[in-house]
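So this block is protein_17.pdb, PDB, C-alpha atoms and all ligand atoms:
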```pdb
ATOM      1  CA  MET A   1      89.788  44.639 135.943
ATOM      2  CA  GLU A   2      93.363  43.661 135.190
ATOM      3  CA  GLU A   3      93.913  42.766 131.533
ATOM      4  CA  LYS A   4      95.152  39.183 130.990
ATOM      5  CA  ILE A   5      98.433  38.884 129.101
ATOM      6  CA  LEU A   6      97.935  36.379 126.285
ATOM      7  CA  PRO A   7     100.782  34.481 124.622
ATOM      8  CA  ARG A   8     101.308  35.283 120.946
ATOM      9  CA  HIS A   9     102.332  31.698 120.165
ATOM     10  CA  ILE A  10     101.230  28.575 122.080
ATOM     11  CA  GLY A  11     102.775  25.128 121.551
ATOM     12  CA  ILE A  12     100.729  22.111 122.610
ATOM     13  CA  ILE A  13     102.033  18.582 123.110
ATOM     14  CA  MET A  14      98.949  16.401 122.668
ATOM     15  CA  ASP A  15      99.945  13.604 125.041
ATOM     16  CA  GLY A  16      98.020  10.878 126.844
ATOM     17  CA  ASN A  17      95.772   9.457 124.117
ATOM     18  CA  GLY A  18      97.021   5.912 124.700
ATOM     19  CA  ARG A  19      96.517   6.077 128.474
ATOM     20  CA  TRP A  20      93.048   7.562 128.023
ATOM     21  CA  ALA A  21      92.087   4.561 125.866
ATOM     22  CA  LYS A  22      93.760   2.019 128.149
ATOM     23  CA  LYS A  23      91.836   3.295 131.178
ATOM     24  CA  ARG A  24      88.652   2.521 129.251
ATOM     25  CA  HIS A  25      89.856  -0.862 127.909
ATOM     26  CA  LEU A  26      89.717   0.546 124.383
ATOM     27  CA  PRO A  27      92.305   0.236 121.583
ATOM     28  CA  ARG A  28      94.887   3.067 121.480
ATOM     29  CA  THR A  29      93.373   4.329 118.250
ATOM     30  CA  ALA A  30      90.174   5.200 120.166
ATOM     31  CA  GLY A  31      92.354   7.562 122.222
ATOM     32  CA  HIS A  32      93.664   9.224 119.058
ATOM     33  CA  ILE A  33      90.132   9.647 117.705
ATOM     34  CA  GLN A  34      89.123  11.378 120.941
ATOM     35  CA  GLY A  35      92.427  13.321 120.860
ATOM     36  CA  ALA A  36      91.584  14.656 117.413
ATOM     37  CA  LYS A  37      88.248  15.945 118.756
ATOM     38  CA  ALA A  38      90.111  17.690 121.584
ATOM     39  CA  PHE A  39      92.463  19.209 118.988
ATOM     40  CA  ARG A  40      89.540  20.671 117.036
ATOM     41  CA  LYS A  41      87.913  22.037 120.197
ATOM     42  CA  CYS A  42      91.159  23.617 121.383
ATOM     43  CA  LEU A  43      91.913  25.172 117.979
ATOM     44  CA  ARG A  44      88.468  26.763 117.820
ATOM     45  CA  HIS A  45      88.856  28.136 121.329
ATOM     46  CA  CYS A  46      92.240  29.644 120.418
ATOM     47  CA  ALA A  47      90.616  31.257 117.377
ATOM     48  CA  ASP A  48      87.773  32.675 119.518
ATOM     49  CA  LEU A  49      90.303  34.073 122.003
ATOM     50  CA  GLY A  50      92.254  35.745 119.196
ATOM     51  CA  ILE A  51      95.501  33.811 119.778
ATOM     52  CA  GLU A  52      97.931  34.710 116.995
ATOM     53  CA  CYS A  53      99.431  31.255 116.521
ATOM     54  CA  VAL A  54      99.069  27.772 118.002
ATOM     55  CA  THR A  55     101.284  24.819 117.118
ATOM     56  CA  PHE A  56     100.098  21.262 117.813
ATOM     57  CA  TYR A  57     102.596  18.401 118.083
ATOM     58  CA  ALA A  58     100.718  15.720 116.154
ATOM     59  CA  PHE A  59     103.435  13.259 115.062
ATOM     60  CA  SER A  60     107.128  13.298 115.913
ATOM     61  CA  THR A  61     110.108  11.986 113.952
ATOM     62  CA  GLU A  62     110.286   9.295 116.675
ATOM     63  CA  ASN A  63     106.622   8.216 116.408
ATOM     64  CA  TRP A  64     107.411   5.957 113.411
ATOM     65  CA  LYS A  65     108.654   3.427 116.006
ATOM     66  CA  ARG A  66     105.017   2.686 116.924
ATOM     67  CA  PRO A  67     103.210  -0.376 115.502
ATOM     68  CA  LYS A  68     102.301   0.100 111.831
ATOM     69  CA  GLU A  69      98.553  -0.174 112.529
ATOM     70  CA  GLU A  70      98.750   2.717 115.000
ATOM     71  CA  VAL A  71     100.802   4.884 112.617
ATOM     72  CA  ASP A  72      98.368   4.130 109.785
ATOM     73  CA  ALA A  73      95.393   4.977 112.002
ATOM     74  CA  ILE A  74      96.934   8.340 113.000
ATOM     75  CA  MET A  75      97.705   9.197 109.341
ATOM     76  CA  LYS A  76      94.142   8.265 108.349
ATOM     77  CA  LEU A  77      92.824  10.513 111.119
ATOM     78  CA  PHE A  78      94.946  13.444 109.848
ATOM     79  CA  SER A  79      93.698  12.850 106.351
ATOM     80  CA  ASP A  80      90.025  12.779 107.467
ATOM     81  CA  TYR A  81      90.428  15.981 109.468
ATOM     82  CA  LEU A  82      92.158  17.746 106.605
ATOM     83  CA  ASP A  83      89.235  16.786 104.359
ATOM     84  CA  GLU A  84      86.893  18.300 106.873
ATOM     85  CA  GLY A  85      88.713  21.666 106.598
ATOM     86  CA  LEU A  86      89.118  22.215 110.375
ATOM     87  CA  GLY A  87      86.691  25.116 110.521
ATOM     88  CA  MET A  88      89.174  27.277 108.619
ATOM     89  CA  SER A  89      86.673  29.301 106.735
ATOM     90  CA  GLU A  90      84.220  30.105 109.513
ATOM     91  CA  LYS A  91      87.005  30.941 112.009
ATOM     92  CA  ASP A  92      89.354  32.626 109.488
ATOM     93  CA  ILE A  93      92.129  30.169 110.450
ATOM     94  CA  ARG A  94      95.357  29.975 108.431
ATOM     95  CA  MET A  95      96.875  26.503 108.211
ATOM     96  CA  LYS A  96     100.573  25.717 108.212
ATOM     97  CA  PHE A  97     102.375  22.385 108.472
ATOM     98  CA  ILE A  98     105.831  21.960 109.928
ATOM     99  CA  GLY A  99     108.119  18.940 109.926
ATOM    100  CA  ASP A 100     109.710  17.001 107.089
ATOM    101  CA  PRO A 101     106.894  15.943 104.731
ATOM    102  CA  GLU A 102     109.172  13.636 102.702
ATOM    103  CA  PRO A 103     108.090  10.232 104.168
ATOM    104  CA  LEU A 104     104.368  11.118 104.174
ATOM    105  CA  SER A 105     102.040   9.774 101.498
ATOM    106  CA  ASP A 106     101.554  11.869  98.347
ATOM    107  CA  ASP A 107      97.870  12.094  99.177
ATOM    108  CA  LEU A 108      98.531  13.594 102.614
ATOM    109  CA  LYS A 109     101.222  15.936 101.236
ATOM    110  CA  ASN A 110      98.790  17.216  98.597
ATOM    111  CA  LYS A 111      96.053  17.772 101.172
ATOM    112  CA  MET A 112      98.469  19.661 103.451
ATOM    113  CA  ARG A 113      99.685  21.889 100.624
ATOM    114  CA  GLY A 114      96.108  22.387  99.430
ATOM    115  CA  LEU A 115      94.909  23.560 102.859
ATOM    116  CA  GLU A 116      97.884  25.914 103.241
ATOM    117  CA  GLU A 117      97.106  27.478  99.887
ATOM    118  CA  LYS A 118      93.359  27.611 100.431
ATOM    119  CA  SER A 119      93.727  29.337 103.810
ATOM    120  CA  SER A 120      96.664  31.606 102.926
ATOM    121  CA  GLY A 121      94.446  34.698 102.756
ATOM    122  CA  ASN A 122      92.871  34.087 106.191
ATOM    123  CA  ARG A 123      93.883  36.548 108.863
ATOM    124  CA  GLY A 124      92.768  34.862 112.112
ATOM    125  CA  THR A 125      94.734  32.356 114.203
ATOM    126  CA  ILE A 126      97.575  30.509 112.487
ATOM    127  CA  CYS A 127      97.128  26.788 113.149
ATOM    128  CA  CYS A 128     100.433  25.068 112.778
ATOM    129  CA  ILE A 129     100.451  21.262 112.824
ATOM    130  CA  ALA A 130     103.729  19.458 113.414
ATOM    131  CA  VAL A 131     103.781  16.220 111.406
ATOM    132  CA  ASN A 132     106.969  14.143 111.228
ATOM    133  CA  TYR A 133     108.478  16.960 113.248
ATOM    134  CA  GLY A 134     111.589  16.867 115.415
ATOM    135  CA  GLY A 135     113.256  19.953 116.850
ATOM    136  CA  ARG A 136     116.744  18.633 116.133
ATOM    137  CA  ASP A 137     115.743  17.643 112.614
ATOM    138  CA  ASP A 138     114.311  21.148 112.105
ATOM    139  CA  ILE A 139     117.666  22.693 113.113
ATOM    140  CA  VAL A 140     119.689  20.268 110.960
ATOM    141  CA  ARG A 141     117.525  21.030 107.908
ATOM    142  CA  ALA A 142     117.826  24.779 108.580
ATOM    143  CA  VAL A 143     121.629  24.641 108.820
ATOM    144  CA  ARG A 144     121.791  22.495 105.661
ATOM    145  CA  LYS A 145     119.831  25.173 103.785
ATOM    146  CA  ILE A 146     122.338  27.793 104.980
ATOM    147  CA  ALA A 147     125.272  25.537 104.047
ATOM    148  CA  ALA A 148     123.819  25.038 100.580
ATOM    149  CA  ASP A 149     124.128  28.819 100.032
ATOM    150  CA  GLY A 150     127.921  28.618 100.681
ATOM    151  CA  LYS A 151     130.161  30.829 102.924
ATOM    152  CA  ILE A 152     129.082  28.704 105.847
ATOM    153  CA  ALA A 153     130.962  30.040 108.888
ATOM    154  CA  GLU A 154     129.904  33.687 108.476
ATOM    155  CA  SER A 155     126.363  32.891 107.473
ATOM    156  CA  VAL A 156     125.456  30.735 110.493
ATOM    157  CA  THR A 157     123.857  33.147 112.958
ATOM    158  CA  GLU A 158     120.922  32.933 115.364
ATOM    159  CA  GLN A 159     118.932  35.031 112.921
ATOM    160  CA  SER A 160     119.783  32.982 109.834
ATOM    161  CA  ILE A 161     118.908  29.720 111.606
ATOM    162  CA  THR A 162     115.608  31.196 112.892
ATOM    163  CA  GLU A 163     114.757  32.288 109.352
ATOM    164  CA  LYS A 164     115.419  28.829 107.871
ATOM    165  CA  LEU A 165     113.447  26.829 110.445
ATOM    166  CA  ASP A 166     110.036  25.427 109.511
ATOM    167  CA  THR A 167     108.473  28.118 111.741
ATOM    168  CA  SER A 168     110.095  30.946 109.765
ATOM    169  CA  GLY A 169     107.967  34.077 110.025
ATOM    170  CA  LEU A 170     106.170  32.953 113.199
ATOM    171  CA  PRO A 171     106.910  34.491 116.592
ATOM    172  CA  ASP A 172     108.922  32.444 119.117
ATOM    173  CA  VAL A 173     106.804  30.161 121.301
ATOM    174  CA  ASP A 174     105.688  31.926 124.495
ATOM    175  CA  LEU A 175     103.858  29.075 126.169
ATOM    176  CA  ILE A 176     104.229  25.312 125.939
ATOM    177  CA  ILE A 177     101.374  23.256 127.345
ATOM    178  CA  ARG A 178     101.868  19.555 128.032
ATOM    179  CA  PRO A 179      99.009  17.551 129.487
ATOM    180  CA  SER A 180      99.186  13.940 130.760
ATOM    181  CA  GLY A 181     101.545  14.542 133.680
ATOM    182  CA  GLU A 182     104.793  14.196 131.689
ATOM    183  CA  GLN A 183     107.220  17.075 132.165
ATOM    184  CA  ARG A 184     109.502  17.149 129.140
ATOM    185  CA  LEU A 185     109.796  18.801 125.745
ATOM    186  CA  SER A 186     110.287  15.606 123.680
ATOM    187  CA  ASN A 187     112.122  17.329 120.816
ATOM    188  CA  PHE A 188     109.272  19.824 120.193
ATOM    189  CA  LEU A 189     110.277  23.335 118.999
ATOM    190  CA  ILE A 190     113.525  23.154 120.982
ATOM    191  CA  TRP A 191     115.011  26.267 119.329
ATOM    192  CA  GLN A 192     111.791  28.279 119.257
ATOM    193  CA  ALA A 193     110.964  27.552 122.929
ATOM    194  CA  ALA A 194     114.238  28.887 124.306
ATOM    195  CA  TYR A 195     112.384  31.452 126.461
ATOM    196  CA  ALA A 196     108.975  29.792 126.636
ATOM    197  CA  GLU A 197     106.978  29.313 129.810
ATOM    198  CA  TYR A 198     105.927  25.718 130.488
ATOM    199  CA  VAL A 199     102.608  24.603 131.907
ATOM    200  CA  PHE A 200     102.309  20.913 132.711
ATOM    201  CA  MET A 201      98.886  19.532 133.508
ATOM    202  CA  ASP A 202      97.639  16.207 134.848
ATOM    203  CA  VAL A 203      94.690  15.878 132.472
ATOM    204  CA  LEU A 204      95.028  13.410 129.549
ATOM    205  CA  TRP A 205      94.848  15.083 126.117
ATOM    206  CA  PRO A 206      91.446  13.628 125.057
ATOM    207  CA  ASP A 207      89.926  15.268 128.182
ATOM    208  CA  PHE A 208      91.542  18.634 127.429
ATOM    209  CA  GLY A 209      88.957  21.309 126.641
ATOM    210  CA  GLU A 210      88.228  25.021 126.819
ATOM    211  CA  LYS A 211      88.414  25.036 130.630
ATOM    212  CA  GLU A 212      91.903  23.484 130.643
ATOM    213  CA  LEU A 213      93.173  25.954 128.043
ATOM    214  CA  ASP A 214      91.782  28.847 130.091
ATOM    215  CA  LEU A 215      93.555  27.511 133.203
ATOM    216  CA  ALA A 216      96.871  27.284 131.345
ATOM    217  CA  LEU A 217      96.426  30.834 130.042
ATOM    218  CA  GLU A 218      95.675  32.104 133.542
ATOM    219  CA  GLU A 219      98.839  30.435 134.813
ATOM    220  CA  TYR A 220     100.814  32.002 131.950
ATOM    221  CA  SER A 221      99.479  35.471 132.698
ATOM    222  CA  ARG A 222     100.794  35.150 136.282
ATOM    223  CA  ARG A 223     104.347  34.362 135.155
ATOM    224  CA  ASN A 224     106.975  37.088 135.216
ATOM    225  CA  ARG A 225     108.978  36.777 132.015
ATOM    226  CA  ARG A 226     112.422  38.351 132.125
ATOM    227  CA  PHE A 227     114.200  36.975 129.006
ATOM    228  CA  GLY A 228     117.499  36.848 130.895
ATOM    229  CA  GLY A 229     117.146  40.385 132.235
ATOM    230  CA  ILE A 230     116.101  41.345 135.747
TER     231      ILE A 230
HETATM  232  C1  LIG B 301     100.457  11.199 121.961
HETATM  233  O1  LIG B 301      99.728  10.393 122.872
HETATM  234  C2  LIG B 301      99.691  11.381 120.755
HETATM  235  C3  LIG B 301     100.108  11.138 119.462
HETATM  236  C4  LIG B 301     101.447  10.625 119.119
HETATM  237  C5  LIG B 301      99.207  11.358 118.326
HETATM  238  C6  LIG B 301      98.538  12.691 118.337
HETATM  239  C7  LIG B 301      97.457  12.651 117.365
HETATM  240  C8  LIG B 301      96.236  13.157 117.565
HETATM  241  C9  LIG B 301      95.795  13.911 118.762
HETATM  242  C10 LIG B 301      95.216  12.936 116.537
HETATM  243  C11 LIG B 301      94.954  13.810 115.420
HETATM  244  C12 LIG B 301      95.453  15.128 115.282
HETATM  245  C13 LIG B 301      95.046  15.933 114.298
HETATM  246  C14 LIG B 301      95.867  17.108 113.992
HETATM  247  C15 LIG B 301      93.819  15.698 113.524
HETATM  248  P1  LIG B 301     100.280   8.932 123.197
HETATM  249  O2  LIG B 301      99.719   8.003 122.173
HETATM  250  O3  LIG B 301     101.779   8.970 123.268
HETATM  251  O4  LIG B 301      99.653   8.669 124.589
HETATM  252  P2  LIG B 301     100.306   7.779 125.759
HETATM  253  O5  LIG B 301     101.559   8.483 126.192
HETATM  254  O6  LIG B 301      99.234   7.799 126.811
HETATM  255  O7  LIG B 301     100.544   6.423 125.194
END
```
Any chance you could give the structure as structure tokens?
Ligand code: FPP
Amino acid sequence: MEEKILPRHIGIIMDGNGRWAKKRHLPRTAGHIQGAKAFRKCLRHCADLGIECVTFYAFSTENWKRPKEEVDAIMKLFSDYLDEGLGMSEKDIRMKFIGDPEPLSDDLKNKMRGLEEKSSGNRGTICCIAVNYGGRDDIVRAVRKIAADGKIAESVTEQSITEKLDTSGLPDVDLIIRPSGEQRLSNFLIWQAAYAEYVFMDVLWPDFGEKELDLALEEYSRRNRRFGGI
């Protein structure tokens, strides 16, 4: 049997929670609650498959424009899931958070830091959660860090930017999965996904499960990646 080529790093845009809820005449927050369950299921499946790293787009720098009640409900959901530990210990998952934590509550920041520390010795899948993340913001913060070291012109290189991004140390993204029928990147990992393959799916995120992830991985394994070569 032919061996399936697995991506080292998967990026997932968890989209469609609102539409899932609307279809059922439920409040949008019900969609996020179901979306969080899909997140946990998908993370565990990645861990079982031995995926090196998976990054979930949970909250973008633009998502603050949503009504305060919805933002508060999403933050509460994060907080509850972080308390739960996300199956880190039984699946040997290492947690990492990307994005600018500055506007988040102290409580959430402490929980995020705590989980990163607690799981730092785990050697299974790296679960990266993007909270208050924007790809452009990531690049701006990286270049500012380089500028702060002085000698700006010579020190700005592809390598130095890559090393200062929030994803420093992680491999580039190989596969971006976006459910819900939308076909755009929405400011997610724009630098890191320069050579990524994209799989867009019609399913809404709360309905995304093991089967959908397997389908996306099958599609990925059929792609012929050339990285600009022939
Ligand atoms: C996008 O769907 C979803 C979000 C902005 C929130 C994502 C949050 C979760 C899945 C919940 C928790 C996650 C963790 C890590 C515990 P949308 O609301 O834009 O959907 P729509 O396009 O149908 O309106």
- [ ] Write as number ranges by chain the residues around ligand LIG 301 (chain B), taking 6 Å as the cut-off and counting only C-alpha atoms and all ligand atoms.
- [x] A: 14-19, 32, 35-36, 58-59, 77-78, 81
Could you write out as JSON the box around stretch 182-187 of chain A (axis-aligned, all atoms listed in the file, 3 Å on each side), with centre and edge lengths in Å to one decimal?
```
{"center_x": 108.5, "center_y": 16.5, "center_z": 126.5, "size_x": 13.3, "size_y": 10.6, "size_z": 17.3}
```
TODO: Could you tell me which residues the PyMOL selection byres (((chain A and resi 182-196) around 7) and not hetatm) returns for this structure, as a PyMOL selection string?
DONE: chain A and resi 134-136+172-176+180-181+197-198+200+227
TODO: Can you pull out every residue within 12 Å of A:Leu108, counting only C-alpha atoms, but drop anything in the same chain fewer than 2 positions away, and send it as a PyMOL selection string?
DONE: chain A and resi 72+74-83+97+101-106+110-115+131
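Taking atom CA of A:Ser221 as the reference point, atom CA of A:Cys127 is found at 21.5 Å.
The result of the PyMOL selection byres (((chain A and resi 37-45) around 9) and not hetatm) on the shown file is Met14, His32, Ile33, Gln34, Gly35, Ala36, Cys46, Ala47, Asp48, Leu49, Gly50, Ile51, Val54, Phe56, Tyr81, Leu86, Gly87, Lys91, Ile93, Thr125, Cys127, Trp205, Pro206, Asp207, Phe208, Gly209, Glu210 and Leu213 of chain A.
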N, CA and C atoms restored at stretch 21-43 of chain A, emitted as a CSV table (one decimal), keeping the file's coordinate frame:
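Printed below is out_10.csv as written:
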```csv
chain,number,residue,atom,x,y,z
A,21,ALA,N,92.8,5.7,126.4
A,21,ALA,CA,92.1,4.6,125.9
A,21,ALA,C,92.3,3.4,126.8
A,22,LYS,N,93.5,3.2,127.3
A,22,LYS,CA,93.8,2.0,128.1
A,22,LYS,C,92.9,2.0,129.4
A,23,LYS,N,92.7,3.2,130.0
A,23,LYS,CA,91.8,3.3,131.2
A,23,LYS,C,90.4,2.8,130.9
A,24,ARG,N,90.0,2.9,129.6
A,24,ARG,CA,88.7,2.5,129.3
A,24,ARG,C,88.6,1.2,128.6
A,25,HIS,N,89.7,0.4,128.6
A,25,HIS,CA,89.9,-0.9,127.9
A,25,HIS,C,89.5,-0.8,126.4
A,26,LEU,N,90.0,0.3,125.8
A,26,LEU,CA,89.7,0.5,124.4
A,26,LEU,C,91.1,0.5,123.6
A,27,PRO,N,91.0,0.2,122.3
A,27,PRO,CA,92.3,0.2,121.6
A,27,PRO,C,92.9,1.7,121.6
A,28,ARG,N,94.2,1.8,121.4
A,28,ARG,CA,94.9,3.1,121.5
A,28,ARG,C,94.3,4.0,120.4
A,29,THR,N,93.9,3.5,119.3
A,29,THR,CA,93.4,4.3,118.2
A,29,THR,C,92.1,5.1,118.7
A,30,ALA,N,91.4,4.5,119.6
A,30,ALA,CA,90.2,5.2,120.2
A,30,ALA,C,90.6,6.5,120.9
A,31,GLY,N,91.8,6.4,121.5
A,31,GLY,CA,92.4,7.6,122.2
A,31,GLY,C,92.7,8.6,121.2
A,32,HIS,N,93.3,8.2,120.1
A,32,HIS,CA,93.7,9.2,119.1
A,32,HIS,C,92.4,9.9,118.4
A,33,ILE,N,91.4,9.1,118.3
A,33,ILE,CA,90.1,9.6,117.7
A,33,ILE,C,89.6,10.7,118.7
A,34,GLN,N,89.6,10.4,119.9
A,34,GLN,CA,89.1,11.4,120.9
A,34,GLN,C,90.1,12.6,121.0
A,35,GLY,N,91.4,12.3,120.8
A,35,GLY,CA,92.4,13.3,120.9
A,35,GLY,C,92.2,14.3,119.7
A,36,ALA,N,91.8,13.8,118.6
A,36,ALA,CA,91.6,14.7,117.4
A,36,ALA,C,90.4,15.6,117.7
A,37,LYS,N,89.4,15.1,118.4
A,37,LYS,CA,88.2,15.9,118.8
A,37,LYS,C,88.7,17.1,119.7
A,38,ALA,N,89.6,16.7,120.6
A,38,ALA,CA,90.1,17.7,121.6
A,38,ALA,C,90.9,18.7,120.8
A,39,PHE,N,91.7,18.3,119.8
A,39,PHE,CA,92.5,19.2,119.0
A,39,PHE,C,91.5,20.2,118.3
A,40,ARG,N,90.4,19.8,117.7
A,40,ARG,CA,89.5,20.7,117.0
A,40,ARG,C,88.9,21.7,118.0
A,41,LYS,N,88.5,21.2,119.2
A,41,LYS,CA,87.9,22.0,120.2
A,41,LYS,C,88.9,23.1,120.6
A,42,CYS,N,90.1,22.7,120.9
A,42,CYS,CA,91.2,23.6,121.4
A,42,CYS,C,91.5,24.7,120.3
A,43,LEU,N,91.6,24.2,119.1
A,43,LEU,CA,91.9,25.2,118.0
A,43,LEU,C,90.8,26.2,117.9
```
